[in-house]
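Visitor: The file below is coords.txt, compact mmCIF, N, CA and C atoms:
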# COMPACT_ATOMS: atom_id res chain seq x y z
N MET A 1 36.16 214.41 95.39
CA MET A 1 35.99 214.71 96.80
C MET A 1 34.84 213.92 97.39
N SER A 2 34.70 212.70 96.98
CA SER A 2 33.65 211.88 97.57
C SER A 2 34.28 210.85 98.51
N SER A 3 33.47 210.32 99.34
CA SER A 3 33.95 209.36 100.31
C SER A 3 33.50 207.96 99.91
N ASP A 4 34.35 206.99 100.15
CA ASP A 4 34.00 205.60 99.87
C ASP A 4 33.35 204.93 101.06
N LEU A 5 33.15 205.68 102.12
CA LEU A 5 32.58 205.11 103.33
C LEU A 5 31.09 204.89 103.17
N THR A 6 30.65 203.73 103.58
CA THR A 6 29.22 203.43 103.58
C THR A 6 28.85 202.91 104.95
N PRO A 7 27.62 203.13 105.36
CA PRO A 7 27.22 202.64 106.68
C PRO A 7 27.38 201.12 106.77
N ARG A 8 27.92 200.67 107.89
CA ARG A 8 28.15 199.24 108.12
C ARG A 8 26.84 198.51 108.37
N ASN A 9 25.95 199.17 109.08
CA ASN A 9 24.74 198.50 109.54
C ASN A 9 23.60 199.50 109.56
N THR A 10 22.44 199.08 109.12
CA THR A 10 21.31 200.01 109.09
C THR A 10 20.44 199.90 110.33
N ASN A 11 20.75 198.98 111.23
CA ASN A 11 19.97 198.87 112.48
C ASN A 11 20.22 200.11 113.32
N ALA A 12 19.14 200.66 113.87
CA ALA A 12 19.27 201.88 114.67
C ALA A 12 19.96 201.61 116.00
N ALA A 13 19.66 200.48 116.61
CA ALA A 13 20.22 200.19 117.92
C ALA A 13 21.00 198.88 117.87
N PRO A 14 22.29 198.90 118.27
CA PRO A 14 23.07 197.67 118.26
C PRO A 14 22.64 196.71 119.36
N VAL A 15 22.00 197.22 120.39
CA VAL A 15 21.58 196.40 121.52
C VAL A 15 20.13 196.72 121.81
N PRO A 16 19.26 195.72 121.71
CA PRO A 16 17.84 196.00 121.98
C PRO A 16 17.64 196.37 123.46
N ALA A 17 16.85 197.38 123.66
CA ALA A 17 16.52 197.77 125.04
C ALA A 17 15.30 196.99 125.47
N ASN A 18 15.48 196.19 126.49
CA ASN A 18 14.35 195.44 127.03
C ASN A 18 14.55 195.30 128.53
N ASP A 19 13.62 194.61 129.16
CA ASP A 19 13.71 194.52 130.62
C ASP A 19 14.33 193.20 131.09
N ASP A 20 15.06 192.53 130.22
CA ASP A 20 15.74 191.30 130.60
C ASP A 20 17.03 191.66 131.32
N ASN A 21 17.00 191.59 132.63
CA ASN A 21 18.15 191.99 133.43
C ASN A 21 18.85 190.81 134.10
N ARG A 22 18.66 189.62 133.53
CA ARG A 22 19.40 188.48 134.05
C ARG A 22 20.88 188.67 133.75
N TYR A 23 21.72 188.03 134.55
CA TYR A 23 23.16 188.22 134.44
C TYR A 23 23.67 188.03 133.02
N LYS A 24 23.36 186.90 132.42
CA LYS A 24 23.89 186.60 131.08
C LYS A 24 23.35 187.57 130.03
N ALA A 25 22.11 188.01 130.19
CA ALA A 25 21.53 188.96 129.24
C ALA A 25 22.24 190.32 129.34
N VAL A 26 22.52 190.75 130.57
CA VAL A 26 23.22 192.02 130.76
C VAL A 26 24.64 191.92 130.20
N GLN A 27 25.31 190.80 130.45
CA GLN A 27 26.65 190.60 129.91
C GLN A 27 26.64 190.66 128.38
N ALA A 28 25.64 190.01 127.77
CA ALA A 28 25.54 190.01 126.31
C ALA A 28 25.27 191.41 125.77
N LYS A 29 24.40 192.16 126.45
CA LYS A 29 24.09 193.53 126.02
C LYS A 29 25.34 194.41 126.11
N LEU A 30 26.05 194.32 127.22
CA LEU A 30 27.26 195.12 127.38
C LEU A 30 28.32 194.74 126.34
N ASP A 31 28.42 193.45 126.05
CA ASP A 31 29.38 192.99 125.05
C ASP A 31 29.04 193.55 123.66
N ARG A 32 27.77 193.45 123.27
CA ARG A 32 27.35 193.96 121.96
C ARG A 32 27.51 195.47 121.88
N LEU A 33 27.17 196.17 122.96
CA LEU A 33 27.32 197.63 122.96
C LEU A 33 28.79 198.01 122.84
N GLY A 34 29.64 197.36 123.59
CA GLY A 34 31.08 197.64 123.52
C GLY A 34 31.64 197.42 122.12
N LYS A 35 31.25 196.30 121.50
CA LYS A 35 31.72 196.01 120.14
C LYS A 35 31.19 197.03 119.14
N ALA A 36 29.92 197.42 119.28
CA ALA A 36 29.34 198.42 118.38
C ALA A 36 30.05 199.76 118.52
N LEU A 37 30.39 200.13 119.75
CA LEU A 37 31.12 201.38 119.96
C LEU A 37 32.55 201.30 119.43
N ASP A 38 33.19 200.14 119.58
CA ASP A 38 34.52 199.95 119.00
C ASP A 38 34.46 200.11 117.48
N ASP A 39 33.46 199.47 116.86
CA ASP A 39 33.28 199.58 115.40
C ASP A 39 33.02 201.02 114.98
N ALA A 40 32.18 201.72 115.76
CA ALA A 40 31.87 203.11 115.43
C ALA A 40 33.14 203.96 115.51
N GLY A 41 33.98 203.71 116.51
CA GLY A 41 35.24 204.45 116.62
C GLY A 41 36.13 204.25 115.41
N VAL A 42 36.21 203.01 114.93
CA VAL A 42 37.03 202.72 113.75
C VAL A 42 36.45 203.44 112.53
N GLU A 43 35.15 203.37 112.37
CA GLU A 43 34.51 204.04 111.23
C GLU A 43 34.67 205.55 111.30
N LEU A 44 34.55 206.11 112.49
CA LEU A 44 34.72 207.55 112.65
C LEU A 44 36.15 207.98 112.39
N ASP A 45 37.11 207.17 112.77
CA ASP A 45 38.52 207.48 112.44
C ASP A 45 38.71 207.52 110.93
N GLY A 46 38.11 206.57 110.22
CA GLY A 46 38.20 206.56 108.77
C GLY A 46 37.53 207.79 108.15
N LEU A 47 36.39 208.16 108.70
CA LEU A 47 35.69 209.35 108.22
C LEU A 47 36.54 210.59 108.47
N HIS A 48 37.17 210.67 109.62
CA HIS A 48 38.04 211.81 109.95
C HIS A 48 39.17 211.94 108.93
N ARG A 49 39.83 210.83 108.64
CA ARG A 49 40.93 210.86 107.66
C ARG A 49 40.42 211.28 106.28
N SER A 50 39.28 210.76 105.90
CA SER A 50 38.69 211.10 104.60
C SER A 50 38.36 212.59 104.53
N MET A 51 37.77 213.11 105.60
CA MET A 51 37.40 214.53 105.61
C MET A 51 38.64 215.42 105.58
N GLN A 52 39.70 215.02 106.30
CA GLN A 52 40.94 215.79 106.26
C GLN A 52 41.51 215.81 104.84
N GLY A 53 41.48 214.66 104.19
CA GLY A 53 41.97 214.60 102.81
C GLY A 53 41.13 215.47 101.87
N ASN A 54 39.82 215.43 102.05
CA ASN A 54 38.94 216.26 101.22
C ASN A 54 39.20 217.75 101.48
N ALA A 55 39.44 218.10 102.73
CA ALA A 55 39.73 219.50 103.06
C ALA A 55 41.02 219.96 102.39
N LYS A 56 42.03 219.09 102.42
CA LYS A 56 43.32 219.42 101.81
C LYS A 56 43.16 219.58 100.29
N ARG A 57 42.42 218.66 99.67
CA ARG A 57 42.20 218.75 98.22
C ARG A 57 41.39 220.00 97.87
N THR A 58 40.41 220.31 98.68
CA THR A 58 39.58 221.49 98.43
C THR A 58 40.41 222.76 98.55
N ASP A 59 41.31 222.79 99.52
CA ASP A 59 42.20 223.94 99.66
C ASP A 59 43.08 224.07 98.41
N GLY A 60 43.53 222.94 97.89
CA GLY A 60 44.32 222.96 96.65
C GLY A 60 43.50 223.46 95.47
N VAL A 61 42.22 223.09 95.43
CA VAL A 61 41.34 223.57 94.37
C VAL A 61 41.18 225.09 94.48
N ALA A 62 41.04 225.59 95.71
CA ALA A 62 40.92 227.04 95.91
C ALA A 62 42.15 227.76 95.36
N THR A 63 43.33 227.18 95.61
CA THR A 63 44.56 227.76 95.08
C THR A 63 44.56 227.73 93.56
N ASP A 64 44.12 226.60 92.99
CA ASP A 64 44.05 226.48 91.52
C ASP A 64 43.07 227.49 90.93
N VAL A 65 41.94 227.68 91.60
CA VAL A 65 40.93 228.64 91.13
C VAL A 65 41.51 230.06 91.16
N GLU A 66 42.24 230.35 92.24
CA GLU A 66 42.86 231.68 92.35
C GLU A 66 43.93 231.87 91.27
N ASN A 67 44.75 230.83 91.04
CA ASN A 67 45.80 230.92 90.02
C ASN A 67 45.23 230.99 88.61
N ALA A 68 44.01 230.51 88.42
CA ALA A 68 43.38 230.56 87.10
C ALA A 68 42.73 231.92 86.85
N ASP A 69 42.87 232.82 87.81
CA ASP A 69 42.34 234.19 87.69
C ASP A 69 40.83 234.23 87.54
N LEU A 70 40.16 233.31 88.21
CA LEU A 70 38.70 233.33 88.19
C LEU A 70 38.19 234.37 89.17
N ASP A 71 36.92 234.60 89.12
CA ASP A 71 36.28 235.57 90.01
C ASP A 71 36.63 235.23 91.47
N PRO A 72 37.06 236.22 92.24
CA PRO A 72 37.45 235.99 93.63
C PRO A 72 36.35 235.35 94.49
N LYS A 73 35.10 235.54 94.11
CA LYS A 73 34.03 234.94 94.93
C LYS A 73 34.13 233.42 94.91
N PHE A 74 34.62 232.84 93.79
CA PHE A 74 34.77 231.39 93.72
C PHE A 74 35.94 230.92 94.59
N VAL A 75 36.97 231.73 94.66
CA VAL A 75 38.08 231.42 95.55
C VAL A 75 37.59 231.43 97.00
N ASP A 76 36.82 232.48 97.34
CA ASP A 76 36.29 232.58 98.71
C ASP A 76 35.36 231.42 99.03
N LEU A 77 34.48 231.07 98.10
CA LEU A 77 33.54 229.97 98.35
C LEU A 77 34.28 228.64 98.53
N THR A 78 35.26 228.40 97.70
CA THR A 78 36.02 227.14 97.79
C THR A 78 36.84 227.10 99.08
N THR A 79 37.41 228.23 99.45
CA THR A 79 38.15 228.31 100.71
C THR A 79 37.22 228.08 101.89
N ASN A 80 36.00 228.62 101.83
CA ASN A 80 35.02 228.41 102.90
C ASN A 80 34.66 226.93 103.03
N VAL A 81 34.54 226.24 101.91
CA VAL A 81 34.24 224.80 101.95
C VAL A 81 35.39 224.05 102.61
N ALA A 82 36.63 224.40 102.25
CA ALA A 82 37.79 223.75 102.86
C ALA A 82 37.82 224.00 104.37
N THR A 83 37.52 225.22 104.77
CA THR A 83 37.49 225.56 106.20
C THR A 83 36.39 224.78 106.92
N ALA A 84 35.24 224.68 106.28
CA ALA A 84 34.12 223.93 106.88
C ALA A 84 34.49 222.45 107.03
N LEU A 85 35.17 221.90 106.04
CA LEU A 85 35.58 220.50 106.13
C LEU A 85 36.59 220.28 107.25
N VAL A 86 37.49 221.22 107.45
CA VAL A 86 38.45 221.11 108.56
C VAL A 86 37.70 221.11 109.89
N GLY A 87 36.73 222.02 110.02
CA GLY A 87 35.94 222.08 111.25
C GLY A 87 35.13 220.82 111.47
N ALA A 88 34.53 220.31 110.40
CA ALA A 88 33.75 219.07 110.51
C ALA A 88 34.66 217.90 110.87
N ALA A 89 35.85 217.86 110.29
CA ALA A 89 36.80 216.78 110.60
C ALA A 89 37.19 216.82 112.07
N ARG A 90 37.38 218.03 112.61
CA ARG A 90 37.71 218.18 114.04
C ARG A 90 36.57 217.63 114.90
N SER A 91 35.34 217.95 114.51
CA SER A 91 34.18 217.47 115.28
C SER A 91 34.06 215.96 115.21
N VAL A 92 34.34 215.38 114.05
CA VAL A 92 34.30 213.93 113.91
C VAL A 92 35.38 213.29 114.78
N LYS A 93 36.54 213.92 114.85
CA LYS A 93 37.62 213.41 115.70
C LYS A 93 37.19 213.42 117.17
N THR A 94 36.52 214.48 117.58
CA THR A 94 36.01 214.57 118.95
C THR A 94 34.98 213.47 119.20
N LEU A 95 34.08 213.28 118.25
CA LEU A 95 33.06 212.24 118.37
C LEU A 95 33.70 210.86 118.44
N SER A 96 34.74 210.65 117.64
CA SER A 96 35.46 209.38 117.66
C SER A 96 36.07 209.13 119.04
N GLY A 97 36.66 210.15 119.61
CA GLY A 97 37.24 210.03 120.95
C GLY A 97 36.18 209.71 121.99
N THR A 98 35.02 210.34 121.86
CA THR A 98 33.91 210.08 122.79
C THR A 98 33.42 208.65 122.65
N ALA A 99 33.31 208.17 121.41
CA ALA A 99 32.88 206.79 121.17
C ALA A 99 33.87 205.81 121.79
N GLN A 100 35.16 206.09 121.64
CA GLN A 100 36.18 205.19 122.20
C GLN A 100 36.15 205.22 123.72
N GLU A 101 36.00 206.41 124.28
CA GLU A 101 35.92 206.52 125.74
C GLU A 101 34.70 205.76 126.28
N THR A 102 33.57 205.89 125.58
CA THR A 102 32.36 205.18 125.99
C THR A 102 32.53 203.68 125.84
N ALA A 103 33.20 203.25 124.77
CA ALA A 103 33.48 201.82 124.59
C ALA A 103 34.34 201.30 125.73
N ASN A 104 35.38 202.05 126.10
CA ASN A 104 36.24 201.63 127.21
C ASN A 104 35.46 201.52 128.51
N LEU A 105 34.59 202.49 128.76
CA LEU A 105 33.77 202.45 129.97
C LEU A 105 32.79 201.27 129.94
N THR A 106 32.29 200.96 128.77
CA THR A 106 31.38 199.81 128.63
C THR A 106 32.11 198.51 128.93
N HIS A 107 33.33 198.36 128.41
CA HIS A 107 34.11 197.15 128.69
C HIS A 107 34.45 197.06 130.19
N THR A 108 34.77 198.20 130.79
CA THR A 108 35.06 198.23 132.23
C THR A 108 33.82 197.84 133.04
N THR A 109 32.68 198.35 132.63
CA THR A 109 31.41 198.03 133.31
C THR A 109 31.10 196.55 133.19
N ARG A 110 31.34 195.98 132.02
CA ARG A 110 31.08 194.55 131.82
C ARG A 110 31.96 193.71 132.74
N ARG A 111 33.24 194.09 132.85
CA ARG A 111 34.15 193.35 133.74
C ARG A 111 33.72 193.49 135.21
N ALA A 112 33.33 194.70 135.59
CA ALA A 112 32.90 194.93 136.98
C ALA A 112 31.62 194.15 137.27
N HIS A 113 30.69 194.13 136.34
CA HIS A 113 29.44 193.38 136.50
C HIS A 113 29.74 191.90 136.65
N SER A 114 30.68 191.42 135.85
CA SER A 114 31.07 190.01 135.93
C SER A 114 31.69 189.69 137.29
N LYS A 115 32.55 190.58 137.75
CA LYS A 115 33.22 190.37 139.04
C LYS A 115 32.21 190.37 140.19
N LEU A 116 31.23 191.27 140.10
CA LEU A 116 30.25 191.38 141.18
C LEU A 116 29.21 190.25 141.18
N TYR A 117 28.76 189.85 140.00
CA TYR A 117 27.61 188.94 139.92
C TYR A 117 27.88 187.61 139.25
N GLY A 118 29.07 187.43 138.67
CA GLY A 118 29.35 186.19 137.94
C GLY A 118 29.28 184.94 138.80
N LYS A 119 29.90 184.97 139.96
CA LYS A 119 29.90 183.79 140.84
C LYS A 119 28.50 183.51 141.37
N LEU A 120 27.76 184.55 141.68
CA LEU A 120 26.39 184.38 142.13
C LEU A 120 25.55 183.72 141.03
N ASP A 121 25.76 184.16 139.79
CA ASP A 121 25.03 183.55 138.67
C ASP A 121 25.41 182.08 138.51
N ASP A 122 26.69 181.76 138.68
CA ASP A 122 27.13 180.35 138.60
C ASP A 122 26.41 179.51 139.65
N ILE A 123 26.35 180.03 140.86
CA ILE A 123 25.68 179.28 141.94
C ILE A 123 24.21 179.10 141.62
N ARG A 124 23.56 180.18 141.24
CA ARG A 124 22.12 180.11 140.96
C ARG A 124 21.83 179.22 139.74
N SER A 125 22.68 179.29 138.74
CA SER A 125 22.45 178.53 137.51
C SER A 125 22.66 177.04 137.70
N ASN A 126 23.53 176.67 138.65
CA ASN A 126 23.85 175.25 138.84
C ASN A 126 23.04 174.58 139.94
N ARG A 127 22.13 175.29 140.55
CA ARG A 127 21.27 174.69 141.58
C ARG A 127 20.10 173.97 140.92
N ARG A 128 19.68 172.91 141.55
CA ARG A 128 18.47 172.24 141.08
C ARG A 128 17.23 172.96 141.59
N GLU A 129 17.36 173.50 142.81
CA GLU A 129 16.23 174.18 143.42
C GLU A 129 16.10 175.59 142.86
N LYS A 130 14.88 176.06 142.81
CA LYS A 130 14.66 177.43 142.40
C LYS A 130 15.12 178.36 143.51
N THR A 131 15.65 179.49 143.13
CA THR A 131 16.05 180.50 144.11
C THR A 131 15.17 181.72 143.92
N PRO A 132 14.98 182.48 144.97
CA PRO A 132 14.11 183.65 144.85
C PRO A 132 14.69 184.68 143.88
N ARG A 133 13.81 185.42 143.28
CA ARG A 133 14.25 186.49 142.39
C ARG A 133 14.93 187.59 143.20
N ALA A 134 15.76 188.35 142.52
CA ALA A 134 16.43 189.47 143.18
C ALA A 134 15.38 190.40 143.76
N GLY A 135 15.62 190.87 144.96
CA GLY A 135 14.71 191.78 145.62
C GLY A 135 13.64 191.11 146.46
N PHE A 136 13.56 189.79 146.39
CA PHE A 136 12.52 189.07 147.13
C PHE A 136 12.64 189.34 148.63
N PHE A 137 13.85 189.34 149.14
CA PHE A 137 14.05 189.49 150.58
C PHE A 137 13.97 190.94 151.04
N ASP A 138 13.85 191.85 150.12
CA ASP A 138 13.76 193.28 150.47
C ASP A 138 12.35 193.68 150.89
N ARG A 139 11.40 192.81 150.74
CA ARG A 139 10.00 193.18 151.04
C ARG A 139 9.73 193.28 152.48
Re-express the file's structure as structure tokens.

Guide:
Amino acid sequence: MSSDLTPRNTNAAPVPANDDNRYKAVQAKLDRLGKALDDAGVELDGLHRSMQGNAKRTDGVATDVENADLDPKFVDLTTNVATALVGAARSVKTLSGTAQETANLTHTTRRAHSKLYGKLDDIRSNRREKTPRAGFFDR
């Protein structure tokens, strides 16, 4: 009843939080975040399947323990573990869905950011003259 799943990456944050809000930096951050969330969703789906399998096997062990005429407390304990695994698997499935939903929103945000600011960045990036920073004219 062990899992073969190992963490893919030990970095705490897939996207460094900094104050670089230039167009290309924001696009890169959104891209990395979206990919990290997609990867997390895949890993969580695998964990969900593994936990469901462990719950099913544990339930079978509880039946075997009962059929072996062992002390009923061991049947109860093993059944409780199977029930806990089912509950944990449900929670992982919910978390997986949340990760996927967040990934989809991240990809949508990246596309919207590109649509809103991509052409402006092209203009600013291809000029020889310096252009004022964002917010300069708001003063």

Visitor: Give me every helix (DSSP H, G or I) residue in range 9-62 of chain A, going by DSSP on the backbone, as a PyMOL selection string.

Guide: chain A and resi 23-62

Visitor: Measuring atom to atom with only C-alpha atoms, identify which of A:Gly118, A:Val92, A:Phe136, A:Arg127 is nearest to Leu44 in chain A.

Guide: A:Val92

Visitor: Would you mind listing what lies within 8 Å of Leu95 in chain A as a PyMOL selection string, with all atoms listed in the file counted and same-chain residues fewer than 6 positions away left out?

Guide: chain A and resi 40-41+44-45+89+101

Visitor: For a test of reading the model, state the distance in Å between atom C of Val61 in chain A and atom N of Gly46 in chain A, rounded to one decimal.

Guide: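 Between atom C of Val61 in chain A and atom N of Gly46 in chain A the gap is 24.5 Å.
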
Visitor: Give me the residues within 10 Å of Ala62 in chain A as a PyMOL selection string, counting only C-alpha atoms and dropping any in the same chain fewer than 6 places off.

Guide: chain A and resi 56+68+72+74-82

Visitor: For the residues selected in the previous step, produce a file with N, CA and C atoms as an mmCIF file, in the frame of the given file.

Guide:
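Result went into again-v3.cif, see below:
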data_model
loop_
_atom_site.group_PDB
_atom_site.id
_atom_site.type_symbol
_atom_site.label_atom_id
_atom_site.label_comp_id
_atom_site.auth_asym_id
_atom_site.auth_seq_id
_atom_site.Cartn_x
_atom_site.Cartn_y
_atom_site.Cartn_z
ATOM 1 N N LYS A 56 42.030 219.090 102.420
ATOM 2 C CA LYS A 56 43.320 219.420 101.810
ATOM 3 C C LYS A 56 43.160 219.580 100.290
ATOM 4 N N ALA A 68 44.010 230.510 88.420
ATOM 5 C CA ALA A 68 43.380 230.560 87.100
ATOM 6 C C ALA A 68 42.730 231.920 86.850
ATOM 7 N N PRO A 72 37.060 236.220 92.240
ATOM 8 C CA PRO A 72 37.450 235.990 93.630
ATOM 9 C C PRO A 72 36.350 235.350 94.490
ATOM 10 N N PHE A 74 34.620 232.840 93.790
ATOM 11 C CA PHE A 74 34.770 231.390 93.720
ATOM 12 C C PHE A 74 35.940 230.920 94.590
ATOM 13 N N VAL A 75 36.970 231.730 94.660
ATOM 14 C CA VAL A 75 38.080 231.420 95.550
ATOM 15 C C VAL A 75 37.590 231.430 97.000
ATOM 16 N N ASP A 76 36.820 232.480 97.340
ATOM 17 C CA ASP A 76 36.290 232.580 98.710
ATOM 18 C C ASP A 76 35.360 231.420 99.030
ATOM 19 N N LEU A 77 34.480 231.070 98.100
ATOM 20 C CA LEU A 77 33.540 229.970 98.350
ATOM 21 C C LEU A 77 34.280 228.640 98.530
ATOM 22 N N THR A 78 35.260 228.400 97.700
ATOM 23 C CA THR A 78 36.020 227.140 97.790
ATOM 24 C C THR A 78 36.840 227.100 99.080
ATOM 25 N N THR A 79 37.410 228.230 99.450
ATOM 26 C CA THR A 79 38.150 228.310 100.710
ATOM 27 C C THR A 79 37.220 228.080 101.890
ATOM 28 N N ASN A 80 36.000 228.620 101.830
ATOM 29 C CA ASN A 80 35.020 228.410 102.900
ATOM 30 C C ASN A 80 34.660 226.930 103.030
ATOM 31 N N VAL A 81 34.540 226.240 101.910
ATOM 32 C CA VAL A 81 34.240 224.800 101.950
ATOM 33 C C VAL A 81 35.390 224.050 102.610
ATOM 34 N N ALA A 82 36.630 224.400 102.250
ATOM 35 C CA ALA A 82 37.790 223.750 102.860
ATOM 36 C C ALA A 82 37.820 224.000 104.370
#

Visitor: State, in Å with one decimal place, the distance from CA of Val26 in chain A to CA of Asp122 in chain A.

Guide: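 So the answer is 14.6 Å.
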
Visitor: Quick one: residues within 6 Å of Leu37 in chain A, all atoms listed in the file, excluding same-chain residues fewer than 4 positions away - as an mmCIF file with N, CA and C atoms, keeping the file's coordinate frame?

Guide:
data_model
loop_
_atom_site.group_PDB
_atom_site.id
_atom_site.type_symbol
_atom_site.label_atom_id
_atom_site.label_comp_id
_atom_site.auth_asym_id
_atom_site.auth_seq_id
_atom_site.Cartn_x
_atom_site.Cartn_y
_atom_site.Cartn_z
ATOM 1 N N ARG A 32 27.770 193.450 123.270
ATOM 2 C CA ARG A 32 27.350 193.960 121.960
ATOM 3 C C ARG A 32 27.510 195.470 121.880
ATOM 4 N N LEU A 33 27.170 196.170 122.960
ATOM 5 C CA LEU A 33 27.320 197.630 122.960
ATOM 6 C C LEU A 33 28.790 198.010 122.840
ATOM 7 N N GLY A 41 33.980 203.710 116.510
ATOM 8 C CA GLY A 41 35.240 204.450 116.620
ATOM 9 C C GLY A 41 36.130 204.250 115.410
ATOM 10 N N ALA A 99 33.310 208.170 121.410
ATOM 11 C CA ALA A 99 32.880 206.790 121.170
ATOM 12 C C ALA A 99 33.870 205.810 121.790
ATOM 13 N N GLN A 100 35.160 206.090 121.640
ATOM 14 C CA GLN A 100 36.180 205.190 122.200
ATOM 15 C C GLN A 100 36.150 205.220 123.720
ATOM 16 N N ALA A 103 33.200 203.250 124.770
ATOM 17 C CA ALA A 103 33.480 201.820 124.590
ATOM 18 C C ALA A 103 34.340 201.300 125.730
#

Visitor: Find the distance between atom N of Leu30 in chain A and atom N of Arg128 in chain A and write it in Å to one decimal.

Guide: 26.5 Å

Visitor: With only C-alpha atoms as the atoms that count, which of A:Gln27, A:Asn21, A:Thr83, A:Ser91 lies nearest to His48 in chain A?

Guide: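 Of the candidates, the smallest distance to His48 in chain A is held by A:Ser91.
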
Visitor: Residues at most 9 Å from Leu85 in chain A, counting only C-alpha atoms, excluding those fewer than 6 positions away in the same chain, as a ChimeraX atom specification?

Guide: /A:51-52,54-56,58

Visitor: For the residues in the current selection, export N, CA and C atoms as a compact mmCIF listing (two decimals), keeping the file's coordinate frame.

Guide:
# COMPACT_ATOMS: atom_id res chain seq x y z
N MET A 51 37.77 213.11 105.60
CA MET A 51 37.40 214.53 105.61
C MET A 51 38.64 215.42 105.58
N GLN A 52 39.70 215.02 106.30
CA GLN A 52 40.94 215.79 106.26
C GLN A 52 41.51 215.81 104.84
N ASN A 54 39.82 215.43 102.05
CA ASN A 54 38.94 216.26 101.22
C ASN A 54 39.20 217.75 101.48
N ALA A 55 39.44 218.10 102.73
CA ALA A 55 39.73 219.50 103.06
C ALA A 55 41.02 219.96 102.39
N LYS A 56 42.03 219.09 102.42
CA LYS A 56 43.32 219.42 101.81
C LYS A 56 43.16 219.58 100.29
N THR A 58 40.41 220.31 98.68
CA THR A 58 39.58 221.49 98.43
C THR A 58 40.41 222.76 98.55

Visitor: Between A:Glu129, A:Tyr117, A:Lys35, A:Arg110, single out the one closest to Tyr23 in chain A, counting all atoms listed in the file.

Guide: A:Tyr117

Visitor: Looking at A:Glu43, A:Asp59, A:Asp69, A:Asp121, which one is nearest to Lys24 in chain A, with distances taken over only N, CA and C atoms?

Guide: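 Looking only at the distances to Lys24 in chain A, the closest residue turns out to be A:Asp121.
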
Visitor: Missing atoms in range 121-126 of chain A should be modelled up to all heavy atoms and reported as an mmCIF file, in the coordinates of the input.

Guide:
data_model
loop_
_atom_site.group_PDB
_atom_site.id
_atom_site.type_symbol
_atom_site.label_atom_id
_atom_site.label_comp_id
_atom_site.auth_asym_id
_atom_site.auth_seq_id
_atom_site.Cartn_x
_atom_site.Cartn_y
_atom_site.Cartn_z
ATOM 1 N N ASP A 121 25.760 184.160 139.790
ATOM 2 C CA ASP A 121 25.030 183.550 138.670
ATOM 3 C C ASP A 121 25.410 182.080 138.510
ATOM 4 O O ASP A 121 24.553 181.237 138.245
ATOM 5 C CB ASP A 121 25.292 184.301 137.371
ATOM 6 C CG ASP A 121 24.508 183.714 136.221
ATOM 7 O OD1 ASP A 121 23.258 183.830 136.230
ATOM 8 O OD2 ASP A 121 25.130 183.104 135.326
ATOM 9 N N ASP A 122 26.690 181.760 138.680
ATOM 10 C CA ASP A 122 27.130 180.350 138.600
ATOM 11 C C ASP A 122 26.410 179.510 139.650
ATOM 12 O O ASP A 122 25.931 178.415 139.353
ATOM 13 C CB ASP A 122 28.643 180.227 138.800
ATOM 14 C CG ASP A 122 29.441 180.731 137.620
ATOM 15 O OD1 ASP A 122 28.857 180.871 136.522
ATOM 16 O OD2 ASP A 122 30.647 180.993 137.790
ATOM 17 N N ILE A 123 26.350 180.030 140.860
ATOM 18 C CA ILE A 123 25.680 179.280 141.940
ATOM 19 C C ILE A 123 24.210 179.100 141.620
ATOM 20 O O ILE A 123 23.681 177.985 141.703
ATOM 21 C CB ILE A 123 25.867 180.021 143.292
ATOM 22 C CG1 ILE A 123 27.327 179.952 143.730
ATOM 23 C CG2 ILE A 123 24.953 179.437 144.364
ATOM 24 C CD1 ILE A 123 27.667 180.890 144.876
ATOM 25 N N ARG A 124 23.560 180.180 141.240
ATOM 26 C CA ARG A 124 22.120 180.110 140.960
ATOM 27 C C ARG A 124 21.830 179.220 139.740
ATOM 28 O O ARG A 124 20.847 178.504 139.715
ATOM 29 C CB ARG A 124 21.552 181.503 140.733
ATOM 30 C CG ARG A 124 21.529 182.327 142.016
ATOM 31 C CD ARG A 124 20.812 183.605 141.807
ATOM 32 N NE ARG A 124 19.406 183.275 141.598
ATOM 33 C CZ ARG A 124 18.492 184.138 141.232
ATOM 34 N NH1 ARG A 124 18.808 185.378 141.013
ATOM 35 N NH2 ARG A 124 17.242 183.760 141.072
ATOM 36 N N SER A 125 22.680 179.290 138.740
ATOM 37 C CA SER A 125 22.450 178.530 137.510
ATOM 38 C C SER A 125 22.660 177.040 137.700
ATOM 39 O O SER A 125 22.071 176.231 136.974
ATOM 40 C CB SER A 125 23.392 179.017 136.406
ATOM 41 O OG SER A 125 23.139 180.351 136.104
ATOM 42 N N ASN A 126 23.530 176.670 138.650
ATOM 43 C CA ASN A 126 23.850 175.250 138.840
ATOM 44 C C ASN A 126 23.040 174.580 139.940
ATOM 45 O O ASN A 126 23.248 173.407 140.219
ATOM 46 C CB ASN A 126 25.358 175.106 139.108
ATOM 47 C CG ASN A 126 26.165 175.484 137.887
ATOM 48 O OD1 ASN A 126 25.781 175.176 136.762
ATOM 49 N ND2 ASN A 126 27.270 176.182 138.095
#
